[in-house]
>>> print(open('coords-v8.txt').read())   # compact mmCIF, C-alpha atoms
# COMPACT_ATOMS: atom_id res chain seq x y z
CA MET Z 28 0.00 0.00 0.00
CA ALA Z 29 2.78 2.42 0.92
CA SER Z 30 4.56 4.05 -2.01
CA MET Z 31 8.01 5.49 -1.45
CA CYS Z 32 8.58 9.12 -2.27
CA GLU Z 33 10.34 9.75 -5.55
CA ALA Z 34 11.46 13.02 -7.07
CA THR Z 35 12.24 14.17 -10.59
CA THR Z 36 14.00 17.46 -11.06
CA ARG Z 37 14.40 19.77 -14.00
CA VAL Z 38 15.77 23.24 -14.37
CA LEU Z 39 13.99 25.96 -16.34
CA PRO Z 40 15.16 29.51 -16.91
CA GLY Z 41 15.10 31.04 -13.44
CA ALA Z 42 13.30 28.18 -11.74
CA ALA Z 43 13.85 24.58 -10.75
CA VAL Z 44 11.01 22.08 -10.63
CA ILE Z 45 10.88 19.15 -8.21
CA GLU Z 46 8.09 16.77 -9.14
CA LEU Z 47 7.29 14.54 -6.18
CA SER Z 48 5.35 11.30 -6.19
CA GLY Z 49 4.30 8.75 -3.58
CA GLU Z 50 4.28 9.60 0.11
CA VAL Z 51 5.89 12.62 1.71
CA ASP Z 52 6.64 11.26 5.17
CA GLY Z 53 9.73 10.55 7.23
CA SER Z 54 11.09 8.23 4.56
CA ALA Z 55 11.16 11.13 2.08
CA ALA Z 56 13.89 13.06 3.93
CA ASP Z 57 16.84 12.01 1.76
CA VAL Z 58 14.78 12.16 -1.44
CA LEU Z 59 13.71 15.73 -0.78
CA THR Z 60 17.15 16.88 0.35
CA ASP Z 61 18.87 15.30 -2.64
CA ALA Z 62 16.24 16.63 -5.04
CA TYR Z 63 16.65 20.16 -3.72
CA ARG Z 64 20.45 19.91 -4.00
CA SER Z 65 20.20 18.49 -7.51
CA ALA Z 66 17.63 21.06 -8.62
CA VAL Z 67 19.46 24.07 -7.30
CA GLY Z 68 22.96 22.84 -8.03
CA THR Z 69 25.50 25.62 -8.02
CA ASN Z 70 23.17 28.09 -9.68
CA ALA Z 71 23.13 31.04 -7.30
CA ASP Z 72 20.83 32.95 -9.68
CA LEU Z 73 18.09 30.37 -9.54
CA GLY Z 74 15.33 32.33 -7.85
CA THR Z 75 12.44 29.89 -7.50
CA VAL Z 76 11.95 26.26 -6.57
CA VAL Z 77 8.65 24.66 -7.58
CA LEU Z 78 7.46 21.70 -5.53
CA ASP Z 79 4.87 19.76 -7.49
CA PHE Z 80 2.63 17.49 -5.42
CA ALA Z 81 0.26 16.32 -8.17
CA ALA Z 82 1.38 12.70 -7.84
CA VAL Z 83 1.65 12.74 -4.04
CA ASP Z 84 -1.04 10.76 -2.26
CA TYR Z 85 -0.06 11.26 1.38
CA ILE Z 86 1.68 13.94 3.44
CA ASN Z 87 2.01 13.54 7.19
CA SER Z 88 3.35 15.80 9.95
CA THR Z 89 6.90 14.59 9.34
CA GLY Z 90 6.47 15.45 5.67
CA ILE Z 91 5.28 18.91 6.66
CA ALA Z 92 8.46 19.24 8.73
CA LEU Z 93 10.54 18.29 5.68
CA ILE Z 94 8.78 20.93 3.59
CA VAL Z 95 9.46 23.47 6.36
CA SER Z 96 13.15 22.53 6.20
CA VAL Z 97 13.25 22.98 2.42
CA LEU Z 98 11.52 26.34 2.78
CA ALA Z 99 13.94 27.44 5.52
CA ARG Z 100 16.92 26.50 3.38
CA ALA Z 101 15.51 28.24 0.31
CA ARG Z 102 14.78 31.41 2.31
CA ALA Z 103 18.31 31.41 3.68
CA GLU Z 104 19.51 31.23 0.07
CA ARG Z 105 17.07 33.99 -0.94
CA ARG Z 106 15.04 31.71 -3.16
CA LYS Z 107 11.26 31.59 -3.41
CA VAL Z 108 9.37 28.31 -3.04
CA VAL Z 109 6.06 27.73 -4.78
CA ALA Z 110 3.87 24.62 -4.79
CA SER Z 111 1.51 23.10 -7.31
CA GLY Z 112 -0.85 20.17 -7.59
CA LEU Z 113 -1.94 19.98 -3.95
CA SER Z 114 -5.34 18.44 -3.31
CA ALA Z 115 -7.95 20.56 -1.54
CA HIS Z 116 -7.20 18.69 1.70
CA TYR Z 117 -3.49 19.41 1.61
CA ARG Z 118 -4.07 23.01 0.48
CA GLU Z 119 -6.06 23.38 3.68
CA ILE Z 120 -3.21 21.88 5.69
CA PHE Z 121 -0.83 24.37 4.04
CA ASP Z 122 -3.26 27.10 5.16
CA ILE Z 123 -3.60 25.80 8.73
CA THR Z 124 0.15 25.47 9.16
CA ARG Z 125 0.65 28.90 7.49
CA LEU Z 126 2.93 27.34 4.89
CA SER Z 127 0.76 29.06 2.30
CA ASP Z 128 1.82 32.42 3.77
CA PHE Z 129 5.32 31.66 2.54
CA ILE Z 130 4.71 29.30 -0.38
CA GLU Z 131 2.52 30.49 -3.21
CA LEU Z 132 0.12 27.76 -4.30
CA PHE Z 133 -0.79 27.02 -7.91
CA PRO Z 134 -3.50 24.61 -9.00
CA ASP Z 135 -1.14 22.74 -11.32
CA LEU Z 136 2.42 22.71 -12.55
CA ASP Z 137 1.64 24.21 -15.96
CA ARG Z 138 0.19 27.31 -14.36
CA ALA Z 139 3.07 27.60 -11.93
CA VAL Z 140 5.63 27.31 -14.70
CA SER Z 141 3.86 29.66 -17.10
CA GLN Z 142 3.58 32.26 -14.37
CA LEU Z 143 7.24 31.92 -13.44
CA THR Z 144 8.76 31.68 -16.88
CA GLY Z 145 6.14 33.43 -19.01
CA PRO Z 146 3.69 31.81 -21.43
CA THR Z 147 5.11 29.28 -23.82
CA ALA Z 148 4.54 29.61 -27.53
CA MET D 19 -36.76 20.81 31.40
CA THR D 20 -36.95 17.67 29.34
CA GLN D 21 -33.68 16.02 28.47
CA VAL D 22 -33.46 13.96 25.33
CA ALA D 23 -31.54 10.79 25.97
CA ARG D 24 -28.61 10.30 23.65
CA PRO D 25 -28.54 7.03 21.77
CA ALA D 26 -26.18 4.45 23.20
CA PRO D 27 -22.79 4.30 21.51
CA ARG D 28 -22.55 1.62 18.86
CA ARG D 29 -19.20 -0.05 18.32
CA LEU D 30 -18.40 -0.18 14.62
CA ASP D 31 -14.95 -1.72 14.75
CA ALA D 32 -12.07 -2.51 17.09
CA PHE D 33 -8.62 -3.71 16.12
CA GLU D 34 -4.98 -3.76 17.16
CA LEU D 35 -1.82 -2.94 15.25
CA PRO D 36 1.81 -3.75 16.08
CA SER D 37 3.75 -0.62 17.02
CA GLU D 38 5.82 -0.44 13.88
CA PRO D 39 6.50 2.70 11.85
CA GLY D 40 4.18 2.94 8.85
CA ASN D 41 1.28 1.07 10.46
CA GLU D 42 -0.59 4.35 10.79
CA ARG D 43 -1.48 3.86 7.11
CA LEU D 44 -3.22 0.61 8.01
CA ALA D 45 -5.19 2.39 10.74
CA LEU D 46 -6.36 5.20 8.49
CA ALA D 47 -7.37 2.81 5.70
CA ARG D 48 -9.37 0.60 8.04
CA VAL D 49 -11.09 3.51 9.81
CA ALA D 50 -11.94 5.07 6.43
CA GLU D 51 -13.50 1.80 5.34
CA THR D 52 -15.43 1.49 8.61
CA VAL D 53 -17.00 4.95 8.42
CA GLN D 54 -17.82 4.72 4.74
CA GLY D 55 -21.50 5.38 4.15
CA LEU D 56 -22.08 7.10 7.51
CA GLY D 57 -22.56 10.54 5.99
CA LEU D 58 -19.12 12.09 6.27
CA SER D 59 -18.33 14.37 3.36
CA ASP D 60 -15.16 13.64 1.39
CA ALA D 61 -13.48 16.66 3.01
CA ARG D 62 -14.33 15.52 6.52
CA LEU D 63 -13.26 11.98 5.74
CA GLU D 64 -9.86 13.24 4.58
CA LYS D 65 -9.52 15.19 7.81
CA LEU D 66 -10.44 12.20 9.92
CA LYS D 67 -7.90 10.09 8.02
CA THR D 68 -5.15 12.63 8.72
CA ALA D 69 -6.13 12.80 12.41
CA VAL D 70 -6.19 9.00 12.74
CA ALA D 71 -2.80 8.69 11.01
CA GLU D 72 -1.19 11.33 13.23
CA ALA D 73 -2.68 9.94 16.45
CA THR D 74 -1.59 6.42 15.52
CA MET D 75 1.92 7.64 14.69
CA ASN D 76 2.10 9.28 18.12
CA ALA D 77 0.89 6.08 19.77
CA ILE D 78 3.42 3.96 17.88
CA GLU D 79 6.40 6.25 18.38
CA HIS D 80 5.82 8.19 21.59
CA GLY D 81 3.42 5.92 23.45
CA ASN D 82 4.78 2.46 22.70
CA GLY D 83 8.31 3.43 21.69
CA ASN D 84 8.17 1.55 18.36
CA ARG D 85 8.04 -1.74 20.28
CA ALA D 86 6.11 -3.97 17.88
CA GLU D 87 5.01 -6.35 20.62
CA ILE D 88 2.97 -3.60 22.32
CA PRO D 89 -0.13 -3.07 20.19
CA VAL D 90 -1.88 0.17 19.39
CA GLU D 91 -5.59 -0.34 19.98
CA VAL D 92 -8.15 1.40 17.78
CA GLU D 93 -11.88 1.50 18.43
CA VAL D 94 -14.50 3.19 16.27
CA THR D 95 -17.92 3.97 17.73
CA GLN D 96 -20.94 5.94 16.61
CA GLN D 97 -23.26 7.82 18.92
CA GLY D 98 -25.99 9.78 17.22
CA ASP D 99 -24.35 12.05 14.68
CA GLU D 100 -20.89 11.62 16.20
CA ILE D 101 -18.19 9.21 15.14
CA VAL D 102 -15.54 8.65 17.79
CA VAL D 103 -12.19 7.01 17.11
CA ALA D 104 -10.25 6.03 20.25
CA ILE D 105 -6.56 5.24 19.81
CA SER D 106 -4.79 3.76 22.83
CA ASP D 107 -1.20 3.00 23.70
CA GLN D 108 0.73 2.19 26.87
CA GLY D 109 2.52 5.53 27.22
CA GLY D 110 0.87 6.37 30.55
CA GLU D 111 0.93 9.77 32.26
CA ALA D 112 4.35 10.67 30.92
CA HIS D 113 3.20 10.48 27.31
CA PRO D 114 5.69 12.66 25.46
CA SER D 115 3.22 13.70 22.78
CA ASP D 116 1.03 15.73 25.15
CA SER D 117 3.49 16.86 27.78
CA SER D 118 4.92 20.37 27.83
CA ASP D 119 8.15 19.41 26.09
CA SER D 120 9.27 21.10 22.91
CA ASP D 121 7.42 18.65 20.65
CA ALA D 122 4.15 19.67 22.27
CA GLU D 123 4.85 23.41 22.01
CA GLU D 124 2.37 25.19 19.75
CA PRO D 125 4.06 25.17 16.37
CA ASP D 126 5.04 28.57 15.04
CA LEU D 127 6.13 28.48 11.43
CA LEU D 128 8.13 31.69 11.60
CA LYS D 129 10.08 30.37 14.59
CA LYS D 130 10.68 27.14 12.73
CA LEU D 131 11.94 28.99 9.66
CA ASP D 132 14.24 31.08 11.86
CA GLY D 133 15.59 27.99 13.61
CA ALA D 134 14.07 28.97 16.97
CA GLN D 135 11.82 25.90 16.95
CA SER D 136 12.29 22.40 15.55
CA PRO D 137 10.75 21.92 12.09
CA ARG D 138 8.83 19.01 13.62
CA GLY D 139 6.05 19.04 16.20
CA TRP D 140 2.99 19.38 13.94
CA GLY D 141 1.20 16.17 14.97
CA LEU D 142 -1.12 17.28 17.77
CA PHE D 143 -1.63 20.63 16.09
CA LEU D 144 -2.86 18.91 12.94
CA ILE D 145 -5.09 16.54 14.89
CA ARG D 146 -6.76 19.39 16.79
CA ASN D 147 -7.48 21.17 13.53
CA MET D 148 -8.85 18.10 11.75
CA VAL D 149 -11.60 17.00 14.14
CA ASP D 150 -14.53 18.52 16.01
CA ALA D 151 -13.13 17.45 19.38
CA MET D 152 -9.93 15.89 20.66
CA ASP D 153 -9.69 14.51 24.18
CA ILE D 154 -6.87 12.70 25.93
CA THR D 155 -7.29 10.37 28.89
CA THR D 156 -4.88 8.24 30.87
CA ASN D 157 -5.73 5.31 33.09
CA GLY D 158 -2.58 3.86 34.57
CA GLN D 159 -0.33 3.11 31.64
CA ARG D 160 -3.18 3.25 29.16
CA HIS D 161 -3.17 6.49 27.21
CA THR D 162 -6.05 7.19 24.84
CA ILE D 163 -6.71 9.95 22.36
CA TRP D 164 -10.35 10.39 21.42
CA LEU D 165 -11.16 11.90 18.03
CA THR D 166 -14.73 13.05 17.47
CA VAL D 167 -16.23 14.10 14.16
CA ARG D 168 -19.83 14.91 13.44
CA THR D 169 -21.52 13.60 10.37
CA GLY D 170 -23.53 16.80 9.75
CA GLY D 171 -22.50 20.42 9.26
CA ALA D 172 -19.10 21.88 8.53
CA ALA D 173 -15.99 20.44 10.14
CA HIS D 174 -13.62 22.55 12.16
CA GLY D 175 -12.11 25.05 9.78
CA GLU D 176 -13.78 23.45 6.81
CA HIS D 177 -13.98 25.55 3.69
CA VAL D 178 -17.51 25.66 2.42
>>> encode(input="coords-v8.txt", output="structure tokens")
Amino acid sequence: MASMCEATTRVLPGAAVIELSGEVDGSAADVLTDAYRSAVGTNADLGTVVLDFAAVDYINSTGIALIVSVLARARAERRKVVASGLSAHYREIFDITRLSDFIELFPDLDRAVSQLTGPTA
Amino acid sequence: MTQVARPAPRRLDAFELPSEPGNERLALARVAETVQGLGLSDARLEKLKTAVAEATMNAIEHGNGNRAEIPVEVEVTQQGDEIVVAISDQGGEAHPSDSSDSDAEEPDLLKKLDGAQSPRGWGLFLIRNMVDAMDITTNGQRHTIWLTVRTGGAAHGEHV
């Protein structure tokens, strides 16, 4: 039943995208840390990190703590974090925890990317 | 004044789980199956699932110390329009998850981002915000968290 967290990263002009799948819980710590490191690399000019949760089916309190850690690191590096693809339930959890005060939420990845990089032709 | 007697609680399910990390997923799946068809909206069901998962995680980790041989006990009852999920462990009075230690401190995201508070410590906070009522009782070593949701109306903080 449990599905391990996996992450795919890609870098766009000015933004890095981390597409997550599976479960964001305690077992996702290394995946998220490595994905962030891989996405950001040595690019000091990279201003935004997009976390896409469209394929995530479970986030628990430990997963919230991991997201807080990613956000703290990004803020320390003066990068913005945005999120896409959260279900209504997890959007509400982002509101309750106030994560949505610091992480702009987009309904889906396409809209997040087009807003960040401008409309594609 | 006339008092209307409440209907007697009806036990819907009771089960035990070994205290092993990850078993909270089994608890939430079984409770979700048990309460199916009782009138909870999808949004309220998702909230109950999150609350059950967090409470079971606390019971496994903090109450029973991840000792598989000590089971977490889960009981689901219905009384009128209320569904009550009771999750019990053997953590006793000194249950770390509801004491005044740092894990039980009200989480403050800004403090967490500034490093003044651990990034963790969201469990009880989430539970409280997911259900209509949360109660904690201890009887000797037995520590129980009671999660109550109503089948009608808007849940705590529910977006309409």
>>> interface_residues(input="coords-v8.txt", of="chain Z", to="chain D", cutoff="12 Å", atoms="only C-alpha atoms", output="PyMOL selection string")
chain Z and resi 28-31+50+52-54+84-103+114-130
>>> atom_distance(input="coords-v8.txt", atom1="CA of Glu87 in chain D", atom2="CA of Glu51 in chain D")
25.3 Å
>>> closest_residue(input="coords-v8.txt", among="Z:Ala71, Z:Leu132, Z:Leu143, Z:Ala81", to="Leu39 in chain Z", atoms="all atoms listed in the file")
Z:Leu143
>>> atom_distance(input="coords-v8.txt", atom1="CA of Pro40 in chain Z", atom2="CA of Ala66 in chain Z")
12.1 Å
>>> atom_distance(input="coords-v8.txt", atom1="CA of Ile154 in chain D", atom2="CA of Asn76 in chain D")
12.4 Å
>>> axis_aligned_box(input="coords-v8.txt", around="range 62-80 of chain Z", padding_each_side="3 Å", output="lines of an AutoDock Vina configuration file")
center_x = 14.1
center_y = 24.8
center_z = -6.7
size_x = 28.9
size_y = 22.3
size_z = 12.0
>>> residues_around(input="coords-v8.txt", residues="Phe33 in chain D", least_positions_apart="3", cutoff="12 Å", atoms="all atoms listed in the file", output="PyMOL selection string")
chain D and resi 29-30+36+44-46+48-49+52+89-94+103-106
>>> residues_around(input="coords-v8.txt", residues="Ser111 in chain Z", least_positions_apart="6", cutoff="9 Å", atoms="only C-alpha atoms", output="list of chain:residue names")
Z:Val77, Z:Leu78, Z:Asp79, Z:Phe80, Z:Ala81, Z:Glu131, Z:Leu132, Z:Phe133, Z:Pro134, Z:Asp135, Z:Leu136, Z:Asp137, Z:Arg138, Z:Ala139
>>> write_last_selection(input="coords-v8.txt", atoms="C-alpha atoms", output="PDB file, in the frame of the given file")
ATOM      1  CA  VAL Z  77       8.650  24.660  -7.580  1.00  0.00           C
ATOM      2  CA  LEU Z  78       7.460  21.700  -5.530  1.00  0.00           C
ATOM      3  CA  ASP Z  79       4.870  19.760  -7.490  1.00  0.00           C
ATOM      4  CA  PHE Z  80       2.630  17.490  -5.420  1.00  0.00           C
ATOM      5  CA  ALA Z  81       0.260  16.320  -8.170  1.00  0.00           C
ATOM      6  CA  GLU Z 131       2.520  30.490  -3.210  1.00  0.00           C
ATOM      7  CA  LEU Z 132       0.120  27.760  -4.300  1.00  0.00           C
ATOM      8  CA  PHE Z 133      -0.790  27.020  -7.910  1.00  0.00           C
ATOM      9  CA  PRO Z 134      -3.500  24.610  -9.000  1.00  0.00           C
ATOM     10  CA  ASP Z 135      -1.140  22.740 -11.320  1.00  0.00           C
ATOM     11  CA  LEU Z 136       2.420  22.710 -12.550  1.00  0.00           C
ATOM     12  CA  ASP Z 137       1.640  24.210 -15.960  1.00  0.00           C
ATOM     13  CA  ARG Z 138       0.190  27.310 -14.360  1.00  0.00           C
ATOM     14  CA  ALA Z 139       3.070  27.600 -11.930  1.00  0.00           C
TER      15      ALA Z 139
END
>>> closest_residue(input="coords-v8.txt", among="D:Arg168, D:Arg28, D:His113, D:His80", to="Glu100 in chain D", atoms="all atoms listed in the file")
D:Arg168
>>> closest_residue(input="coords-v8.txt", among="D:Asp153, D:Glu42, D:Glu124, D:Arg24", to="Thr74 in chain D", atoms="all atoms listed in the file")
D:Glu42
>>> decode(input="coords-v8.txt", residues="range 135-162 of chain D", atoms="N, CA and C atoms", output="PDB file, in the first residue's frame")
ATOM      1  N   GLN D 135      12.658  27.035  16.582  1.00  0.00           N
ATOM      2  CA  GLN D 135      11.817  25.901  16.948  1.00  0.00           C
ATOM      3  C   GLN D 135      12.134  24.771  15.977  1.00  0.00           C
ATOM      4  N   SER D 136      12.052  23.539  16.447  1.00  0.00           N
ATOM      5  CA  SER D 136      12.290  22.396  15.552  1.00  0.00           C
ATOM      6  C   SER D 136      11.291  22.418  14.391  1.00  0.00           C
ATOM      7  N   PRO D 137      11.716  21.994  13.193  1.00  0.00           N
ATOM      8  CA  PRO D 137      10.750  21.921  12.086  1.00  0.00           C
ATOM      9  C   PRO D 137       9.619  20.944  12.363  1.00  0.00           C
ATOM     10  N   ARG D 138       9.841  20.025  13.315  1.00  0.00           N
ATOM     11  CA  ARG D 138       8.828  19.010  13.624  1.00  0.00           C
ATOM     12  C   ARG D 138       7.821  19.552  14.640  1.00  0.00           C
ATOM     13  N   GLY D 139       6.988  18.654  15.156  1.00  0.00           N
ATOM     14  CA  GLY D 139       6.049  19.044  16.203  1.00  0.00           C
ATOM     15  C   GLY D 139       4.699  19.497  15.680  1.00  0.00           C
ATOM     16  N   TRP D 140       4.278  18.982  14.521  1.00  0.00           N
ATOM     17  CA  TRP D 140       2.994  19.377  13.938  1.00  0.00           C
ATOM     18  C   TRP D 140       1.862  18.399  14.270  1.00  0.00           C
ATOM     19  N   GLY D 141       2.188  17.247  14.844  1.00  0.00           N
ATOM     20  CA  GLY D 141       1.205  16.171  14.969  1.00  0.00           C
ATOM     21  C   GLY D 141      -0.068  16.551  15.708  1.00  0.00           C
ATOM     22  N   LEU D 142       0.077  16.942  16.980  1.00  0.00           N
ATOM     23  CA  LEU D 142      -1.118  17.275  17.765  1.00  0.00           C
ATOM     24  C   LEU D 142      -1.836  18.493  17.208  1.00  0.00           C
ATOM     25  N   PHE D 143      -1.051  19.434  16.695  1.00  0.00           N
ATOM     26  CA  PHE D 143      -1.632  20.633  16.091  1.00  0.00           C
ATOM     27  C   PHE D 143      -2.540  20.243  14.918  1.00  0.00           C
ATOM     28  N   LEU D 144      -2.043  19.351  14.071  1.00  0.00           N
ATOM     29  CA  LEU D 144      -2.856  18.909  12.935  1.00  0.00           C
ATOM     30  C   LEU D 144      -4.110  18.194  13.432  1.00  0.00           C
ATOM     31  N   ILE D 145      -3.934  17.295  14.396  1.00  0.00           N
ATOM     32  CA  ILE D 145      -5.089  16.537  14.891  1.00  0.00           C
ATOM     33  C   ILE D 145      -6.178  17.492  15.383  1.00  0.00           C
ATOM     34  N   ARG D 146      -5.774  18.447  16.228  1.00  0.00           N
ATOM     35  CA  ARG D 146      -6.757  19.392  16.789  1.00  0.00           C
ATOM     36  C   ARG D 146      -7.530  20.131  15.707  1.00  0.00           C
ATOM     37  N   ASN D 147      -6.851  20.407  14.600  1.00  0.00           N
ATOM     38  CA  ASN D 147      -7.484  21.170  13.528  1.00  0.00           C
ATOM     39  C   ASN D 147      -8.262  20.307  12.538  1.00  0.00           C
ATOM     40  N   MET D 148      -8.188  18.998  12.692  1.00  0.00           N
ATOM     41  CA  MET D 148      -8.846  18.103  11.746  1.00  0.00           C
ATOM     42  C   MET D 148     -10.176  17.564  12.255  1.00  0.00           C
ATOM     43  N   VAL D 149     -10.408  17.638  13.567  1.00  0.00           N
ATOM     44  CA  VAL D 149     -11.600  17.001  14.136  1.00  0.00           C
ATOM     45  C   VAL D 149     -12.436  18.021  14.911  1.00  0.00           C
ATOM     46  N   ASP D 150     -13.664  17.629  15.237  1.00  0.00           N
ATOM     47  CA  ASP D 150     -14.531  18.524  16.009  1.00  0.00           C
ATOM     48  C   ASP D 150     -14.130  18.561  17.476  1.00  0.00           C
ATOM     49  N   ALA D 151     -13.604  17.472  17.986  1.00  0.00           N
ATOM     50  CA  ALA D 151     -13.125  17.454  19.378  1.00  0.00           C
ATOM     51  C   ALA D 151     -12.002  16.444  19.505  1.00  0.00           C
ATOM     52  N   MET D 152     -11.024  16.809  20.353  1.00  0.00           N
ATOM     53  CA  MET D 152      -9.934  15.889  20.660  1.00  0.00           C
ATOM     54  C   MET D 152      -9.789  15.843  22.175  1.00  0.00           C
ATOM     55  N   ASP D 153      -9.858  14.660  22.737  1.00  0.00           N
ATOM     56  CA  ASP D 153      -9.691  14.508  24.183  1.00  0.00           C
ATOM     57  C   ASP D 153      -8.615  13.462  24.445  1.00  0.00           C
ATOM     58  N   ILE D 154      -7.920  13.643  25.556  1.00  0.00           N
ATOM     59  CA  ILE D 154      -6.868  12.697  25.925  1.00  0.00           C
ATOM     60  C   ILE D 154      -7.142  12.219  27.344  1.00  0.00           C
ATOM     61  N   THR D 155      -7.111  10.917  27.549  1.00  0.00           N
ATOM     62  CA  THR D 155      -7.286  10.372  28.893  1.00  0.00           C
ATOM     63  C   THR D 155      -6.151   9.401  29.182  1.00  0.00           C
ATOM     64  N   THR D 156      -5.831   9.284  30.471  1.00  0.00           N
ATOM     65  CA  THR D 156      -4.881   8.242  30.871  1.00  0.00           C
ATOM     66  C   THR D 156      -5.478   7.478  32.038  1.00  0.00           C
ATOM     67  N   ASN D 157      -5.263   6.190  32.017  1.00  0.00           N
ATOM     68  CA  ASN D 157      -5.727   5.314  33.091  1.00  0.00           C
ATOM     69  C   ASN D 157      -4.587   4.331  33.351  1.00  0.00           C
ATOM     70  N   GLY D 158      -3.789   4.656  34.363  1.00  0.00           N
ATOM     71  CA  GLY D 158      -2.580   3.863  34.567  1.00  0.00           C
ATOM     72  C   GLY D 158      -1.652   4.070  33.388  1.00  0.00           C
ATOM     73  N   GLN D 159      -1.215   3.006  32.805  1.00  0.00           N
ATOM     74  CA  GLN D 159      -0.328   3.111  31.639  1.00  0.00           C
ATOM     75  C   GLN D 159      -1.093   3.372  30.351  1.00  0.00           C
ATOM     76  N   ARG D 160      -2.400   3.141  30.403  1.00  0.00           N
ATOM     77  CA  ARG D 160      -3.182   3.245  29.164  1.00  0.00           C
ATOM     78  C   ARG D 160      -3.452   4.714  28.833  1.00  0.00           C
ATOM     79  N   HIS D 161      -3.014   5.115  27.676  1.00  0.00           N
ATOM     80  CA  HIS D 161      -3.167   6.493  27.209  1.00  0.00           C
ATOM     81  C   HIS D 161      -4.038   6.453  25.958  1.00  0.00           C
ATOM     82  N   THR D 162      -5.106   7.240  25.967  1.00  0.00           N
ATOM     83  CA  THR D 162      -6.050   7.186  24.836  1.00  0.00           C
ATOM     84  C   THR D 162      -6.308   8.587  24.308  1.00  0.00           C
TER      85      THR D 162
END
